[in-house]
Structures are given as C-alpha cells and as structure tokens.
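Text of the file query-v1.pdb, holding PDB, N, CA and C atoms:
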```pdb
ATOM      1  N   MET J 518       0.852  -1.175   0.000
ATOM      2  CA  MET J 518       0.000   0.000   0.000
ATOM      3  C   MET J 518       0.896   1.235   0.000
ATOM      4  N   ARG J 519       0.374   2.290  -0.551
ATOM      5  CA  ARG J 519       1.133   3.536  -0.649
ATOM      6  C   ARG J 519       0.315   4.635   0.042
ATOM      7  N   TYR J 520       0.772   5.067   1.217
ATOM      8  CA  TYR J 520       0.080   6.098   1.984
ATOM      9  C   TYR J 520       0.755   7.450   1.792
ATOM     10  N   THR J 521      -0.057   8.491   1.746
ATOM     11  CA  THR J 521       0.454   9.861   1.725
ATOM     12  C   THR J 521       0.944  10.209   3.121
ATOM     13  N   ILE J 522       2.112  10.843   3.184
ATOM     14  CA  ILE J 522       2.607  11.348   4.462
ATOM     15  C   ILE J 522       2.787  12.852   4.339
ATOM     16  N   VAL J 523       2.718  13.531   5.467
ATOM     17  CA  VAL J 523       2.979  14.967   5.536
ATOM     18  C   VAL J 523       4.194  15.147   6.426
ATOM     19  N   ILE J 524       5.166  15.907   5.931
ATOM     20  CA  ILE J 524       6.367  16.208   6.708
ATOM     21  C   ILE J 524       6.360  17.700   7.018
ATOM     22  N   GLU J 525       6.574  18.011   8.279
ATOM     23  CA  GLU J 525       6.628  19.408   8.714
ATOM     24  C   GLU J 525       7.978  19.674   9.360
ATOM     25  N   LYS J 526       8.596  20.789   8.992
ATOM     26  CA  LYS J 526       9.861  21.181   9.596
ATOM     27  C   LYS J 526       9.577  22.132  10.746
ATOM     28  N   GLY J 527      10.083  21.777  11.914
ATOM     29  CA  GLY J 527       9.957  22.643  13.078
ATOM     30  C   GLY J 527      11.267  23.368  13.324
ATOM     31  N   PRO J 528      11.333  24.133  14.395
ATOM     32  CA  PRO J 528      12.555  24.890  14.690
ATOM     33  C   PRO J 528      13.791  24.003  14.884
ATOM     34  N   THR J 529      13.608  22.806  15.427
ATOM     35  CA  THR J 529      14.766  21.955  15.717
ATOM     36  C   THR J 529      14.616  20.520  15.222
ATOM     37  N   SER J 530      13.501  20.208  14.569
ATOM     38  CA  SER J 530      13.290  18.824  14.144
ATOM     39  C   SER J 530      12.259  18.761  13.026
ATOM     40  N   TYR J 531      12.049  17.547  12.553
ATOM     41  CA  TYR J 531      11.028  17.272  11.540
ATOM     42  C   TYR J 531       9.978  16.360  12.153
ATOM     43  N   GLY J 532       8.738  16.563  11.761
ATOM     44  CA  GLY J 532       7.654  15.686  12.171
ATOM     45  C   GLY J 532       6.972  15.152  10.931
ATOM     46  N   ALA J 533       6.387  13.971  11.037
ATOM     47  CA  ALA J 533       5.651  13.384   9.923
ATOM     48  C   ALA J 533       4.401  12.703  10.457
ATOM     49  N   TYR J 534       3.338  12.736   9.650
ATOM     50  CA  TYR J 534       2.122  12.017  10.016
ATOM     51  C   TYR J 534       1.440  11.503   8.759
ATOM     52  N   VAL J 535       0.513  10.577   8.975
ATOM     53  CA  VAL J 535      -0.192   9.913   7.881
ATOM     54  C   VAL J 535      -1.676  10.251   8.008
ATOM     55  N   PRO J 536      -2.217  11.102   7.119
ATOM     56  CA  PRO J 536      -3.624  11.497   7.239
ATOM     57  C   PRO J 536      -4.609  10.327   7.285
ATOM     58  N   ASP J 537      -4.311   9.243   6.579
ATOM     59  CA  ASP J 537      -5.225   8.105   6.532
ATOM     60  C   ASP J 537      -5.076   7.151   7.711
ATOM     61  N   LEU J 538      -4.070   7.382   8.566
ATOM     62  CA  LEU J 538      -3.837   6.530   9.741
ATOM     63  C   LEU J 538      -3.706   7.411  10.979
ATOM     64  N   PRO J 539      -4.821   7.891  11.523
ATOM     65  CA  PRO J 539      -4.752   8.773  12.690
ATOM     66  C   PRO J 539      -3.910   8.163  13.811
ATOM     67  N   GLY J 540      -3.027   8.990  14.364
ATOM     68  CA  GLY J 540      -2.164   8.546  15.444
ATOM     69  C   GLY J 540      -0.842   7.990  14.973
ATOM     70  N   CYS J 541      -0.651   7.856  13.680
ATOM     71  CA  CYS J 541       0.600   7.330  13.134
ATOM     72  C   CYS J 541       1.518   8.516  12.848
ATOM     73  N   VAL J 542       2.524   8.715  13.713
ATOM     74  CA  VAL J 542       3.391   9.887  13.641
ATOM     75  C   VAL J 542       4.846   9.495  13.879
ATOM     76  N   ALA J 543       5.741  10.393  13.516
ATOM     77  CA  ALA J 543       7.169  10.214  13.789
ATOM     78  C   ALA J 543       7.804  11.587  13.908
ATOM     79  N   ALA J 544       8.925  11.652  14.621
ATOM     80  CA  ALA J 544       9.691  12.888  14.747
ATOM     81  C   ALA J 544      11.170  12.533  14.764
ATOM     82  N   ALA J 545      11.988  13.412  14.169
ATOM     83  CA  ALA J 545      13.432  13.168  14.105
ATOM     84  C   ALA J 545      14.159  14.484  13.833
ATOM     85  N   GLU J 546      15.467  14.428  13.942
ATOM     86  CA  GLU J 546      16.289  15.619  13.726
ATOM     87  C   GLU J 546      16.471  15.954  12.253
ATOM     88  N   THR J 547      16.404  14.952  11.363
ATOM     89  CA  THR J 547      16.596  15.207   9.936
ATOM     90  C   THR J 547      15.410  14.681   9.135
ATOM     91  N   GLU J 548      15.267  15.209   7.934
ATOM     92  CA  GLU J 548      14.183  14.755   7.066
ATOM     93  C   GLU J 548      14.385  13.292   6.667
ATOM     94  N   GLU J 549      15.620  12.918   6.377
ATOM     95  CA  GLU J 549      15.912  11.531   6.013
ATOM     96  C   GLU J 549      15.532  10.575   7.140
ATOM     97  N   GLU J 550      15.863  10.962   8.365
ATOM     98  CA  GLU J 550      15.544  10.113   9.513
ATOM     99  C   GLU J 550      14.042  10.016   9.745
ATOM    100  N   VAL J 551      13.331  11.128   9.585
ATOM    101  CA  VAL J 551      11.886  11.088   9.819
ATOM    102  C   VAL J 551      11.194  10.238   8.758
ATOM    103  N   LEU J 552      11.722  10.220   7.530
ATOM    104  CA  LEU J 552      11.153   9.360   6.494
ATOM    105  C   LEU J 552      11.307   7.885   6.868
ATOM    106  N   GLN J 553      12.473   7.526   7.367
ATOM    107  CA  GLN J 553      12.686   6.143   7.786
ATOM    108  C   GLN J 553      11.766   5.785   8.954
ATOM    109  N   LEU J 554      11.660   6.691   9.918
ATOM    110  CA  LEU J 554      10.836   6.415  11.097
ATOM    111  C   LEU J 554       9.358   6.325  10.765
ATOM    112  N   ILE J 555       8.866   7.141   9.827
ATOM    113  CA  ILE J 555       7.439   7.078   9.501
ATOM    114  C   ILE J 555       7.142   5.786   8.734
ATOM    115  N   ARG J 556       8.085   5.313   7.931
ATOM    116  CA  ARG J 556       7.889   4.007   7.271
ATOM    117  C   ARG J 556       7.720   2.912   8.326
ATOM    118  N   GLU J 557       8.603   2.931   9.321
ATOM    119  CA  GLU J 557       8.515   1.945  10.400
ATOM    120  C   GLU J 557       7.216   2.107  11.182
ATOM    121  N   ALA J 558       6.839   3.361  11.450
ATOM    122  CA  ALA J 558       5.612   3.621  12.205
ATOM    123  C   ALA J 558       4.387   3.093  11.460
ATOM    124  N   ILE J 559       4.358   3.266  10.139
ATOM    125  CA  ILE J 559       3.238   2.763   9.347
ATOM    126  C   ILE J 559       3.173   1.238   9.455
ATOM    127  N   SER J 560       4.294   0.583   9.328
ATOM    128  CA  SER J 560       4.321  -0.879   9.430
ATOM    129  C   SER J 560       3.809  -1.346  10.788
ATOM    130  N   PHE J 561       4.309  -0.734  11.851
ATOM    131  CA  PHE J 561       3.869  -1.111  13.204
ATOM    132  C   PHE J 561       2.388  -0.815  13.403
ATOM    133  N   HIS J 562       1.939   0.325  12.892
ATOM    134  CA  HIS J 562       0.539   0.733  13.034
ATOM    135  C   HIS J 562      -0.381  -0.281  12.356
ATOM    136  N   LEU J 563      -0.043  -0.654  11.116
ATOM    137  CA  LEU J 563      -0.866  -1.617  10.376
ATOM    138  C   LEU J 563      -0.826  -2.996  11.030
ATOM    139  N   GLU J 564       0.336  -3.388  11.524
ATOM    140  CA  GLU J 564       0.456  -4.675  12.210
ATOM    141  C   GLU J 564      -0.435  -4.701  13.455
ATOM    142  N   ALA J 565      -0.427  -3.631  14.219
ATOM    143  CA  ALA J 565      -1.266  -3.559  15.424
ATOM    144  C   ALA J 565      -2.750  -3.601  15.057
ATOM    145  N   MET J 566      -3.131  -2.925  13.984
ATOM    146  CA  MET J 566      -4.531  -2.944  13.551
ATOM    147  C   MET J 566      -4.950  -4.358  13.169
ATOM    148  N   ARG J 567      -4.079  -5.071  12.441
ATOM    149  CA  ARG J 567      -4.377  -6.456  12.056
ATOM    150  C   ARG J 567      -4.542  -7.338  13.284
ATOM    151  N   GLU J 568      -3.634  -7.187  14.246
ATOM    152  CA  GLU J 568      -3.691  -8.000  15.461
ATOM    153  C   GLU J 568      -4.969  -7.744  16.255
ATOM    154  N   GLU J 569      -5.488  -6.513  16.185
ATOM    155  CA  GLU J 569      -6.715  -6.161  16.895
ATOM    156  C   GLU J 569      -7.963  -6.475  16.075
ATOM    157  N   GLY J 570      -7.770  -6.976  14.864
ATOM    158  CA  GLY J 570      -8.904  -7.316  14.012
ATOM    159  C   GLY J 570      -9.591  -6.114  13.400
ATOM    160  N   LEU J 571      -8.895  -5.003  13.338
ATOM    161  CA  LEU J 571      -9.468  -3.786  12.766
ATOM    162  C   LEU J 571      -9.247  -3.763  11.259
ATOM    163  N   PRO J 572     -10.150  -3.124  10.527
ATOM    164  CA  PRO J 572      -9.955  -3.027   9.078
ATOM    165  C   PRO J 572      -8.792  -2.091   8.758
ATOM    166  N   ILE J 573      -8.031  -2.427   7.747
ATOM    167  CA  ILE J 573      -6.917  -1.590   7.304
ATOM    168  C   ILE J 573      -7.476  -0.505   6.376
ATOM    169  N   PRO J 574      -7.292   0.773   6.719
ATOM    170  CA  PRO J 574      -7.834   1.848   5.885
ATOM    171  C   PRO J 574      -7.167   1.900   4.504
ATOM    172  N   GLU J 575      -7.967   2.094   3.505
ATOM    173  CA  GLU J 575      -7.435   2.297   2.162
ATOM    174  C   GLU J 575      -6.753   3.666   2.117
ATOM    175  N   PRO J 576      -5.655   3.781   1.401
ATOM    176  CA  PRO J 576      -5.014   5.091   1.242
ATOM    177  C   PRO J 576      -5.877   5.976   0.344
ATOM    178  N   LEU J 577      -6.459   7.007   0.901
ATOM    179  CA  LEU J 577      -7.353   7.889   0.146
ATOM    180  C   LEU J 577      -6.809   9.307  -0.009
ATOM    181  N   SER J 578      -5.935   9.721   0.889
ATOM    182  CA  SER J 578      -5.426  11.095   0.864
ATOM    183  C   SER J 578      -4.413  11.279  -0.255
ATOM    184  N   SER J 579      -4.301  12.514  -0.693
ATOM    185  CA  SER J 579      -3.266  12.888  -1.647
ATOM    186  C   SER J 579      -2.750  14.259  -1.240
ATOM    187  N   ALA J 580      -1.652  14.666  -1.810
ATOM    188  CA  ALA J 580      -1.072  15.969  -1.476
ATOM    189  C   ALA J 580      -0.682  16.682  -2.757
ATOM    190  N   GLN J 581      -0.809  17.969  -2.750
ATOM    191  CA  GLN J 581      -0.422  18.817  -3.868
ATOM    192  C   GLN J 581       0.264  20.055  -3.313
ATOM    193  N   SER J 582       1.138  20.618  -4.101
ATOM    194  CA  SER J 582       1.725  21.913  -3.775
ATOM    195  C   SER J 582       1.153  22.915  -4.768
ATOM    196  N   VAL J 583       0.840  24.076  -4.275
ATOM    197  CA  VAL J 583       0.340  25.131  -5.157
ATOM    198  C   VAL J 583       1.212  26.372  -5.000
ATOM    199  N   GLU J 584       1.371  27.077  -6.076
ATOM    200  CA  GLU J 584       2.140  28.314  -6.044
ATOM    201  C   GLU J 584       1.166  29.487  -6.082
ATOM    202  N   VAL J 585       1.407  30.466  -5.230
ATOM    203  CA  VAL J 585       0.555  31.656  -5.209
ATOM    204  C   VAL J 585       1.443  32.886  -5.325
ATOM    205  N   ALA J 586       0.892  33.923  -5.916
ATOM    206  CA  ALA J 586       1.607  35.179  -6.054
ATOM    207  C   ALA J 586       1.288  36.091  -4.879
ATOM    208  N   LEU J 587       2.315  36.703  -4.346
ATOM    209  CA  LEU J 587       2.098  37.661  -3.266
ATOM    210  C   LEU J 587       1.833  39.029  -3.878
ATOM    211  N   ALA J 588       0.775  39.680  -3.413
ATOM    212  CA  ALA J 588       0.430  40.983  -3.967
ATOM    213  C   ALA J 588       1.260  42.075  -3.356
TER     214      ALA J 588
END
```

Go ahead and express the file in the form of structure tokens.
Amino acid sequence: MRYTIVIEKGPTSYGAYVPDLPGCVAAAETEEEVLQLIREAISFHLEAMREEGLPIPEPLSSAQSVEVALA
C-alpha cells in the first residue's frame, strides 16, 4: 500500500504524520531520519490494527503543492 505522508519542519526537528492513519506519527532531527521512522511507524501501526482485528484503511489522501503570487 502507498500512503500519503505529511512532513513538517519545526525549529529543531522534523515531524511526519499519515492522514489516513490517525495517530501514526514520527519525529526526528533530519528529514531523512523522519522518512525512515514514519515508514517503520506505518508498518507497526498496520500490524497492530491487524492484530486487533481492525480493518486496514485504504489510502485515500493525496497531497499537492500550489504556487501563489504575493500581492
């Protein structure tokens, strides 16, 4: 499955979350590290859902970047 993730840069670290998997988050000092951690978090999250007999959510979210002109 391919889930959309959102990465946010904070003052001292990066955070990532998965819109289609509430509660699935990661934080790290670098963007590369947060990408690795969110991959692991998704795997653990889905494994826990399976073990609890919960349905696995289909990846429905998408992300786009838009450019706007400043007046």

Report as number ranges by chain the residues that result from applying the PyMOL selection byres ((chain J and resi 550-565) around 8) to the structure here.
-> J: 524, 531-535, 538, 540-549, 566-571, 573-574

Draw an axis-aligned box tight on the listed atoms of region 562-573 of chain J, then pad every side by 5 Å and write out centre and edge lengths in Å to one decimal as lines of an AutoDock Vina configuration file.
```
center_x = -4.1
center_y = -3.6
center_z = 11.6
size_x = 22.1
size_y = 18.7
size_z = 20.5
```

How would you write, as a ChimeraX atom specification, the set of residues in chain J that DSSP gives as strand (DSSP E)?
-> /J:523-526,531-534,542-545

Any chance you could list, as a PyMOL selection string, the residues in chain J that come up helix (DSSP H, G or I) when DSSP is run on the backbone?
-> chain J and resi 548-568

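Applied to this file, the PyMOL selection byres ((chain J and resi 521) around 6.5) selects the residues J:Arg519, J:Tyr520, J:Ile522, J:Val523, J:Tyr534, J:Val535, J:Pro536, J:Asp537, J:Pro576, J:Ser578, J:Ser579, J:Ala580.
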
When you draw a straight line from atom C of Glu575 (chain J) to atom N of Pro539 (chain J), how long is it in Å?
-> 10.5 Å
